>>> print(open('my_file_37.cif').read())   # mmCIF, C-alpha atoms; chains and numbers go by the auth columns
data_model
loop_
_atom_site.group_PDB
_atom_site.id
_atom_site.type_symbol
_atom_site.label_atom_id
_atom_site.label_comp_id
_atom_site.label_asym_id
_atom_site.label_seq_id
_atom_site.Cartn_x
_atom_site.Cartn_y
_atom_site.Cartn_z
_atom_site.B_iso_or_equiv
_atom_site.auth_seq_id
_atom_site.auth_asym_id
ATOM 1 C CA MET A 1 126.972 107.689 145.451 0.00 43 A
ATOM 2 C CA THR A 2 125.055 109.277 148.265 0.00 44 A
ATOM 3 C CA LYS A 3 121.334 108.568 148.032 0.00 45 A
ATOM 4 C CA ARG A 4 120.205 108.556 151.655 0.00 46 A
ATOM 5 C CA VAL A 5 121.554 111.059 154.172 0.00 47 A
ATOM 6 C CA LEU A 6 120.952 111.097 157.917 0.00 48 A
ATOM 7 C CA ILE A 7 120.533 114.562 159.408 0.00 49 A
ATOM 8 C CA MET A 8 120.953 114.718 163.167 0.00 50 A
ATOM 9 C CA GLY A 9 119.255 117.760 164.643 0.00 51 A
ATOM 10 C CA ALA A 10 116.781 117.884 161.782 0.00 52 A
ATOM 11 C CA THR A 11 113.987 119.939 163.330 0.00 53 A
ATOM 12 C CA SER A 12 115.761 123.226 163.983 0.00 54 A
ATOM 13 C CA GLY A 13 118.451 125.570 162.696 0.00 55 A
ATOM 14 C CA ILE A 14 120.896 124.360 160.071 0.00 56 A
ATOM 15 C CA GLY A 15 119.598 120.796 160.305 0.00 57 A
ATOM 16 C CA LYS A 16 116.068 121.882 159.404 0.00 58 A
ATOM 17 C CA CYS A 17 117.403 123.817 156.416 0.00 59 A
ATOM 18 C CA ALA A 18 119.483 120.810 155.332 0.00 60 A
ATOM 19 C CA VAL A 19 116.354 118.655 155.275 0.00 61 A
ATOM 20 C CA GLU A 20 114.767 121.067 152.793 0.00 62 A
ATOM 21 C CA VAL A 21 117.884 121.333 150.638 0.00 63 A
ATOM 22 C CA GLY A 22 118.410 117.570 150.616 0.00 64 A
ATOM 23 C CA LEU A 23 114.834 116.875 149.556 0.00 65 A
ATOM 24 C CA ALA A 24 115.106 119.514 146.826 0.00 66 A
ATOM 25 C CA ARG A 25 118.239 117.730 145.559 0.00 67 A
ATOM 26 C CA GLY A 26 116.279 114.484 145.259 0.00 68 A
ATOM 27 C CA LEU A 27 117.914 112.705 148.191 0.00 69 A
ATOM 28 C CA ILE A 28 116.186 110.409 150.633 0.00 70 A
ATOM 29 C CA VAL A 29 116.497 112.359 153.863 0.00 71 A
ATOM 30 C CA ARG A 30 116.360 110.585 157.194 0.00 72 A
ATOM 31 C CA ALA A 31 115.525 113.264 159.764 0.00 73 A
ATOM 32 C CA PHE A 32 116.655 112.361 163.268 0.00 74 A
ATOM 33 C CA SER A 33 115.514 114.366 166.272 0.00 75 A
ATOM 34 C CA ARG A 34 113.617 113.922 169.503 0.00 76 A
ATOM 35 C CA ARG A 35 110.820 115.872 167.783 0.00 77 A
ATOM 36 C CA ALA A 36 111.002 114.138 164.414 0.00 78 A
ATOM 37 C CA GLY A 37 107.599 112.564 164.988 0.00 79 A
ATOM 38 C CA GLU A 38 106.036 116.023 164.674 0.00 80 A
ATOM 39 C CA MET A 39 107.269 116.447 161.081 0.00 81 A
ATOM 40 C CA ALA A 40 104.633 116.332 158.336 0.00 82 A
ATOM 41 C CA PRO A 41 104.937 113.315 155.990 0.00 83 A
ATOM 42 C CA ARG A 42 106.615 114.088 152.663 0.00 84 A
ATOM 43 C CA ASP A 43 107.999 112.127 149.744 0.00 85 A
ATOM 44 C CA ASN A 44 111.562 110.925 150.421 0.00 86 A
ATOM 45 C CA LEU A 45 111.444 112.069 154.054 0.00 87 A
ATOM 46 C CA GLU A 46 112.066 109.433 156.725 0.00 88 A
ATOM 47 C CA SER A 47 111.328 110.884 160.153 0.00 89 A
ATOM 48 C CA VAL A 48 113.040 109.050 163.002 0.00 90 A
ATOM 49 C CA ALA A 49 112.395 110.176 166.569 0.00 91 A
ATOM 50 C CA GLY A 50 115.281 109.439 168.878 0.00 92 A
ATOM 51 C CA ASP A 51 117.902 110.633 171.306 0.00 93 A
ATOM 52 C CA ALA A 52 121.451 111.256 170.072 0.00 94 A
ATOM 53 C CA LEU A 53 122.778 110.089 173.444 0.00 95 A
ATOM 54 C CA VAL A 54 121.143 106.647 173.177 0.00 96 A
ATOM 55 C CA ALA A 55 123.255 104.185 171.177 0.00 97 A
ATOM 56 C CA ALA A 56 120.287 102.038 170.130 0.00 98 A
ATOM 57 C CA ASP A 57 118.463 105.070 168.720 0.00 99 A
ATOM 58 C CA VAL A 58 121.534 106.175 166.787 0.00 100 A
ATOM 59 C CA ALA A 59 122.215 102.661 165.493 0.00 101 A
ATOM 60 C CA GLY A 60 118.672 102.393 164.150 0.00 102 A
ATOM 61 C CA ALA A 61 118.922 105.783 162.450 0.00 103 A
ATOM 62 C CA LEU A 62 122.186 104.808 160.736 0.00 104 A
ATOM 63 C CA ASP A 63 120.805 101.684 159.073 0.00 105 A
ATOM 64 C CA GLY A 64 121.134 102.014 155.298 0.00 106 A
ATOM 65 C CA VAL A 65 122.405 105.605 155.127 0.00 107 A
ATOM 66 C CA ASP A 66 125.331 106.785 153.014 0.00 108 A
ATOM 67 C CA ALA A 67 126.316 109.928 154.928 0.00 109 A
ATOM 68 C CA VAL A 68 125.657 111.692 158.219 0.00 110 A
ATOM 69 C CA ILE A 69 125.196 115.419 158.774 0.00 111 A
ATOM 70 C CA TYR A 70 125.608 116.282 162.443 0.00 112 A
ATOM 71 C CA ALA A 71 123.816 119.557 163.187 0.00 113 A
ATOM 72 C CA LEU A 72 122.841 119.253 166.831 0.00 114 A
ATOM 73 C CA GLY A 73 122.631 122.417 168.875 0.00 115 A
ATOM 74 C CA VAL A 74 121.751 123.644 172.348 0.00 116 A
ATOM 75 C CA GLU A 75 119.280 126.328 173.302 0.00 117 A
ATOM 76 C CA LYS A 76 121.031 129.678 173.688 0.00 118 A
ATOM 77 C CA THR A 77 119.191 130.813 176.788 0.00 119 A
ATOM 78 C CA LEU A 78 120.948 132.907 179.431 0.00 120 A
ATOM 79 C CA GLY A 79 120.553 130.204 182.044 0.00 121 A
ATOM 80 C CA LYS A 80 122.222 127.584 179.891 0.00 122 A
ATOM 81 C CA LEU A 81 125.192 129.804 179.025 0.00 123 A
ATOM 82 C CA TRP A 82 126.610 129.275 182.506 0.00 124 A
ATOM 83 C CA LYS A 83 125.983 125.537 182.753 0.00 125 A
ATOM 84 C CA LYS A 84 128.483 122.932 181.686 0.00 126 A
ATOM 85 C CA VAL A 85 127.704 121.565 178.197 0.00 127 A
ATOM 86 C CA THR A 86 128.495 117.962 177.290 0.00 128 A
ATOM 87 C CA LEU A 87 125.987 117.282 174.489 0.00 129 A
ATOM 88 C CA PHE A 88 128.451 117.611 171.623 0.00 130 A
ATOM 89 C CA SER A 89 131.206 115.386 172.990 0.00 131 A
ATOM 90 C CA ALA A 90 128.804 112.871 174.556 0.00 132 A
ATOM 91 C CA SER A 91 126.702 112.460 171.409 0.00 133 A
ATOM 92 C CA THR A 92 129.838 112.197 169.271 0.00 134 A
ATOM 93 C CA GLN A 93 131.163 109.511 171.608 0.00 135 A
ATOM 94 C CA VAL A 94 127.990 107.573 170.819 0.00 136 A
ATOM 95 C CA LEU A 95 127.950 108.356 167.101 0.00 137 A
ATOM 96 C CA LEU A 96 131.502 107.490 166.061 0.00 138 A
ATOM 97 C CA PRO A 97 131.531 103.816 167.084 0.00 139 A
ATOM 98 C CA GLU A 98 127.992 103.325 165.819 0.00 140 A
ATOM 99 C CA MET A 99 129.009 104.680 162.416 0.00 141 A
ATOM 100 C CA GLU A 100 131.948 102.283 162.345 0.00 142 A
ATOM 101 C CA LYS A 101 129.692 99.353 163.248 0.00 143 A
ATOM 102 C CA ALA A 102 127.196 100.338 160.546 0.00 144 A
ATOM 103 C CA GLY A 103 129.923 100.807 157.930 0.00 145 A
ATOM 104 C CA VAL A 104 128.956 104.457 157.340 0.00 146 A
ATOM 105 C CA LYS A 105 132.129 106.403 156.587 0.00 147 A
ATOM 106 C CA ARG A 106 131.011 109.926 155.640 0.00 148 A
ATOM 107 C CA LEU A 107 130.472 112.453 158.429 0.00 149 A
ATOM 108 C CA LEU A 108 129.908 116.186 158.171 0.00 150 A
ATOM 109 C CA ALA A 109 129.920 117.796 161.612 0.00 151 A
ATOM 110 C CA VAL A 110 128.779 121.383 162.101 0.00 152 A
ATOM 111 C CA THR A 111 130.588 123.114 164.972 0.00 153 A
ATOM 112 C CA GLY A 112 131.249 126.847 164.593 0.00 154 A
ATOM 113 C CA PHE A 113 133.830 129.547 164.042 0.00 155 A
ATOM 114 C CA GLY A 114 135.849 129.763 167.240 0.00 156 A
ATOM 115 C CA ALA A 115 135.875 126.017 167.867 0.00 157 A
ATOM 116 C CA GLY A 116 139.071 124.007 167.724 0.00 158 A
ATOM 117 C CA ARG A 117 141.854 125.396 165.571 0.00 159 A
ATOM 118 C CA SER A 118 139.697 128.274 164.334 0.00 160 A
ATOM 119 C CA GLN A 119 139.922 129.996 167.714 0.00 161 A
ATOM 120 C CA SER A 120 143.416 131.153 166.687 0.00 162 A
ATOM 121 C CA ALA A 121 141.885 133.063 163.749 0.00 163 A
ATOM 122 C CA MET A 122 139.958 135.348 166.091 0.00 164 A
ATOM 123 C CA SER A 123 141.239 138.689 167.288 0.00 165 A
ATOM 124 C CA THR A 124 141.886 139.050 171.008 0.00 166 A
ATOM 125 C CA ILE A 125 138.670 141.038 171.432 0.00 167 A
ATOM 126 C CA GLU A 126 136.656 138.506 169.418 0.00 168 A
ATOM 127 C CA ARG A 127 138.080 135.631 171.424 0.00 169 A
ATOM 128 C CA MET A 128 137.341 137.257 174.782 0.00 170 A
ATOM 129 C CA GLY A 129 133.756 138.098 173.838 0.00 171 A
ATOM 130 C CA HIS A 130 133.112 134.751 172.231 0.00 172 A
ATOM 131 C CA ARG A 131 134.384 132.737 175.166 0.00 173 A
ATOM 132 C CA ALA A 132 132.580 134.959 177.670 0.00 174 A
ATOM 133 C CA ILE A 133 129.235 134.270 175.998 0.00 175 A
ATOM 134 C CA LEU A 134 129.694 130.856 174.377 0.00 176 A
ATOM 135 C CA GLY A 135 132.610 129.447 176.363 0.00 177 A
ATOM 136 C CA ARG A 136 130.747 126.447 177.781 0.00 178 A
ATOM 137 C CA PRO A 137 129.324 125.005 174.543 0.00 179 A
ATOM 138 C CA TYR A 138 132.474 125.799 172.580 0.00 180 A
ATOM 139 C CA ALA A 139 134.707 124.087 175.131 0.00 181 A
ATOM 140 C CA ASP A 140 132.659 120.972 174.436 0.00 182 A
ATOM 141 C CA LYS A 141 132.858 121.542 170.676 0.00 183 A
ATOM 142 C CA ASP A 142 136.667 121.645 171.059 0.00 184 A
ATOM 143 C CA ILE A 143 136.556 118.157 172.555 0.00 185 A
ATOM 144 C CA GLN A 144 134.132 117.001 169.876 0.00 186 A
ATOM 145 C CA GLU A 145 136.345 118.204 167.033 0.00 187 A
ATOM 146 C CA GLU A 146 139.371 116.397 168.454 0.00 188 A
ATOM 147 C CA MET A 147 137.388 113.160 168.744 0.00 189 A
ATOM 148 C CA ILE A 148 136.260 113.406 165.127 0.00 190 A
ATOM 149 C CA MET A 149 139.739 114.200 163.823 0.00 191 A
ATOM 150 C CA GLN A 150 141.148 111.141 165.569 0.00 192 A
ATOM 151 C CA SER A 151 138.539 108.848 164.018 0.00 193 A
ATOM 152 C CA ALA A 152 139.021 106.773 160.870 0.00 194 A
ATOM 153 C CA LEU A 153 135.912 108.247 159.225 0.00 195 A
ATOM 154 C CA ASP A 154 135.776 110.398 156.093 0.00 196 A
ATOM 155 C CA TRP A 155 134.977 113.459 158.153 0.00 197 A
ATOM 156 C CA THR A 156 134.610 117.138 157.432 0.00 198 A
ATOM 157 C CA ILE A 157 134.399 119.644 160.272 0.00 199 A
ATOM 158 C CA VAL A 158 132.284 122.598 159.153 0.00 200 A
ATOM 159 C CA ARG A 159 132.590 125.896 161.046 0.00 201 A
ATOM 160 C CA PRO A 160 130.084 128.505 159.906 0.00 202 A
ATOM 161 C CA VAL A 161 130.598 132.079 161.057 0.00 203 A
ATOM 162 C CA ILE A 162 127.781 134.251 162.490 0.00 204 A
ATOM 163 C CA LEU A 163 124.476 132.826 161.259 0.00 205 A
ATOM 164 C CA THR A 164 121.515 134.598 159.642 0.00 206 A
ATOM 165 C CA ASP A 165 118.156 133.275 158.441 0.00 207 A
ATOM 166 C CA ASN A 166 118.196 134.847 154.969 0.00 208 A
ATOM 167 C CA ARG A 167 116.795 132.118 152.721 0.00 209 A
ATOM 168 C CA ASP A 168 117.890 133.979 149.576 0.00 210 A
ATOM 169 C CA ALA A 169 121.541 134.383 150.628 0.00 211 A
ATOM 170 C CA LEU A 170 122.874 131.103 149.283 0.00 212 A
ATOM 171 C CA SER A 171 126.412 132.078 148.326 0.00 213 A
ATOM 172 C CA TYR A 172 129.287 130.802 150.444 0.00 214 A
ATOM 173 C CA GLN A 173 133.052 130.448 150.472 0.00 215 A
ATOM 174 C CA VAL A 174 134.830 127.400 151.862 0.00 216 A
ATOM 175 C CA LEU A 175 138.037 128.519 153.582 0.00 217 A
ATOM 176 C CA CYS A 176 140.358 125.533 153.850 0.00 218 A
ATOM 177 C CA ASP A 177 143.598 127.398 154.575 0.00 219 A
ATOM 178 C CA SER A 178 143.811 128.445 158.218 0.00 220 A
ATOM 179 C CA ALA A 179 145.846 131.489 157.174 0.00 221 A
ATOM 180 C CA ILE A 180 142.735 133.071 155.629 0.00 222 A
ATOM 181 C CA TRP A 181 140.130 132.013 158.163 0.00 223 A
ATOM 182 C CA ARG A 182 138.015 134.996 159.238 0.00 224 A
ATOM 183 C CA ASN A 183 134.743 135.906 160.870 0.00 225 A
ATOM 184 C CA GLY A 184 131.683 137.297 159.093 0.00 226 A
ATOM 185 C CA LEU A 185 128.088 136.388 158.289 0.00 227 A
ATOM 186 C CA ILE A 186 126.496 133.439 156.528 0.00 228 A
ATOM 187 C CA SER A 187 122.942 132.209 156.071 0.00 229 A
ATOM 188 C CA ARG A 188 121.861 128.904 157.587 0.00 230 A
ATOM 189 C CA TRP A 189 120.519 128.088 154.129 0.00 231 A
ATOM 190 C CA ALA A 190 123.945 128.587 152.565 0.00 232 A
ATOM 191 C CA VAL A 191 125.476 126.287 155.173 0.00 233 A
ATOM 192 C CA ALA A 192 122.821 123.677 154.399 0.00 234 A
ATOM 193 C CA LYS A 193 123.529 124.019 150.680 0.00 235 A
ATOM 194 C CA TYR A 194 127.216 123.334 151.301 0.00 236 A
ATOM 195 C CA LEU A 195 126.511 120.385 153.601 0.00 237 A
ATOM 196 C CA ILE A 196 124.360 118.614 151.030 0.00 238 A
ATOM 197 C CA ALA A 197 126.888 119.334 148.272 0.00 239 A
ATOM 198 C CA ALA A 198 129.750 118.054 150.410 0.00 240 A
ATOM 199 C CA ALA A 199 127.796 114.932 151.340 0.00 241 A
ATOM 200 C CA THR A 200 126.936 114.086 147.736 0.00 242 A
ATOM 201 C CA GLU A 201 130.155 115.189 146.038 0.00 243 A
ATOM 202 C CA ALA A 202 132.757 114.029 148.615 0.00 244 A
ATOM 203 C CA LEU A 203 134.094 117.536 149.209 0.00 245 A
ATOM 204 C CA ASN A 204 136.768 118.469 151.788 0.00 246 A
ATOM 205 C CA ILE A 205 137.248 114.988 153.181 0.00 247 A
ATOM 206 C CA ARG A 206 139.347 114.979 156.381 0.00 248 A
ATOM 207 C CA GLU A 207 139.488 118.773 156.381 0.00 249 A
ATOM 208 C CA ASP A 208 138.315 121.334 158.936 0.00 250 A
ATOM 209 C CA VAL A 209 136.920 124.344 157.116 0.00 251 A
ATOM 210 C CA VAL A 210 135.388 127.723 157.847 0.00 252 A
ATOM 211 C CA LEU A 211 132.290 128.815 155.918 0.00 253 A
ATOM 212 C CA VAL A 212 131.720 132.513 155.163 0.00 254 A
ATOM 213 C CA ARG A 213 129.488 134.396 152.749 0.00 255 A
#
>>> encode(input="my_file_37.cif", output="structure tokens")
Amino acid sequence: MTKRVLIMGATSGIGKCAVEVGLARGLIVRAFSRRAGEMAPRDNLESVAGDALVAADVAGALDGVDAVIYALGVEKTLGKLWKKVTLFSASTQVLLPEMEKAGVKRLLAVTGFGAGRSQSAMSTIERMGHRAILGRPYADKDIQEEMIMQSALDWTIVRPVILTDNRDALSYQVLCDSAIWRNGLISRWAVAKYLIAAATEALNIREDVVLVR
């Protein structure tokens, strides 16, 4: 039974929402981020400042956890859109062996619609626009997904569609069949709700899914 979950990328975006949802579910949440030291103390919150590219930091964060939610992201600034991105594959290359050493089997990795196999579910126009704007980070997410799928972990690859910040929009659909994968909108809070449910209820193990509203 999952009691303590490690959230990587816990101070922004989906990771920040997952911290809130996990605490509300009564879990012990270990929040891992370079800025975790800035988080206000709360019951059941373990803030761990660290770098996802440093094996010693990751190893320390994994101690005693039952599941890992990987929700790292990069800043979507115009300058960074044209630079090569390696964060996702490089951090995953650190994480996977450290999880094996620590005996932590459960991994939920947030990538995005258009990564890996889901690229084939896009229309030609969608694919061209997506790769023109997000080609660099998503090329790295492609590599990341392949690394995770080849691991022996109990992984789930989670691909949310276009994200919103609507805290009240908590409904979601989990599309497991690639034949019905599609684009759309979904709230970061709904994604976080699914991630915590999947971590605690062993949902969609060794599946790559698309999340839509």
>>> resolve_selection(input="my_file_37.cif", expression="the PyMOL selection byres ((chain A and resi 244) around 10)", output="ChimeraX atom specification")
/A:43-44,109,148,196-198,238-243,245-247
>>> residues_around(input="my_file_37.cif", residues="segment 51-54 of chain A", least_positions_apart="5", cutoff="7 Å", atoms="all atoms listed in the file", output="MDAnalysis selection string")
chainID A and resid 61 73:75 77:78 112:114
>>> residues_around(input="my_file_37.cif", residues="Lys183 of chain A", least_positions_apart="2", cutoff="8 Å", atoms="only C-alpha atoms", output="mmCIF file with C-alpha atoms, in the coordinates of the input")
data_model
loop_
_atom_site.group_PDB
_atom_site.id
_atom_site.type_symbol
_atom_site.label_atom_id
_atom_site.label_comp_id
_atom_site.auth_asym_id
_atom_site.auth_seq_id
_atom_site.Cartn_x
_atom_site.Cartn_y
_atom_site.Cartn_z
ATOM 1 C CA PHE A 130 128.451 117.611 171.623
ATOM 2 C CA SER A 131 131.206 115.386 172.990
ATOM 3 C CA THR A 153 130.588 123.114 164.972
ATOM 4 C CA ALA A 157 135.875 126.017 167.867
ATOM 5 C CA GLY A 158 139.071 124.007 167.724
ATOM 6 C CA PRO A 179 129.324 125.005 174.543
ATOM 7 C CA TYR A 180 132.474 125.799 172.580
ATOM 8 C CA ALA A 181 134.707 124.087 175.131
ATOM 9 C CA ILE A 185 136.556 118.157 172.555
ATOM 10 C CA GLN A 186 134.132 117.001 169.876
ATOM 11 C CA GLU A 187 136.345 118.204 167.033
#
>>> resolve_selection(input="my_file_37.cif", expression="the PyMOL selection byres ((chain A and resi 209) around 8)", output="list in words")
Asp207, Asn208, Asp210, Ala211, Leu212, Ser229, Arg230, Trp231 and Ala232 of chain A
>>> resolve_selection(input="my_file_37.cif", expression="the PyMOL selection byres ((chain A and resi 145) around 12)", output="list in words")
Ala101, Leu104, Asp105, Gly106, Val107, Asp108, Ala109, Val110, Leu138, Pro139, Glu140, Met141, Glu142, Lys143, Ala144, Val146, Lys147, Arg148, Leu149, Ala194, Leu195 and Asp196 of chain A
>>> closest_residue(input="my_file_37.cif", among="A:Asn86, A:Ser133, A:Ser160, A:Ser193", to="Val252 of chain A", atoms="all atoms listed in the file")
A:Ser160
>>> atom_distance(input="my_file_37.cif", atom1="atom CA of Val216 of chain A", atom2="atom CA of Gln192 of chain A")
22.2 Å
>>> atom_distance(input="my_file_37.cif", atom1="atom CA of Asp85 of chain A", atom2="atom CA of Ile56 of chain A")
20.6 Å
>>> atom_distance(input="my_file_37.cif", atom1="atom CA of Ile204 of chain A", atom2="atom CA of Val63 of chain A")
20.1 Å
>>> closest_residue(input="my_file_37.cif", among="A:Glu88, A:Arg159, A:Gly64, A:Lys126", to="Ile199 of chain A", atoms="only C-alpha atoms")
A:Arg159
>>> closest_residue(input="my_file_37.cif", among="A:Gly156, A:Leu137, A:Met81, A:Ile70", to="Ala97 of chain A", atoms="only C-alpha atoms")
A:Leu137
>>> closest_residue(input="my_file_37.cif", among="A:Ala163, A:Val233, A:Gly226, A:Val152", to="Arg201 of chain A", atoms="all atoms listed in the file")
A:Val152
>>> residues_around(input="my_file_37.cif", residues="Trp223 of chain A", least_positions_apart="3", cutoff="9 Å", atoms="only C-alpha atoms", output="number ranges by chain")
A: 155, 160, 163-164, 217-220, 251-254
>>> closest_residue(input="my_file_37.cif", among="A:Met50, A:Val200, A:Ala151, A:Ala221", to="Asp93 of chain A", atoms="only C-alpha atoms")
A:Met50
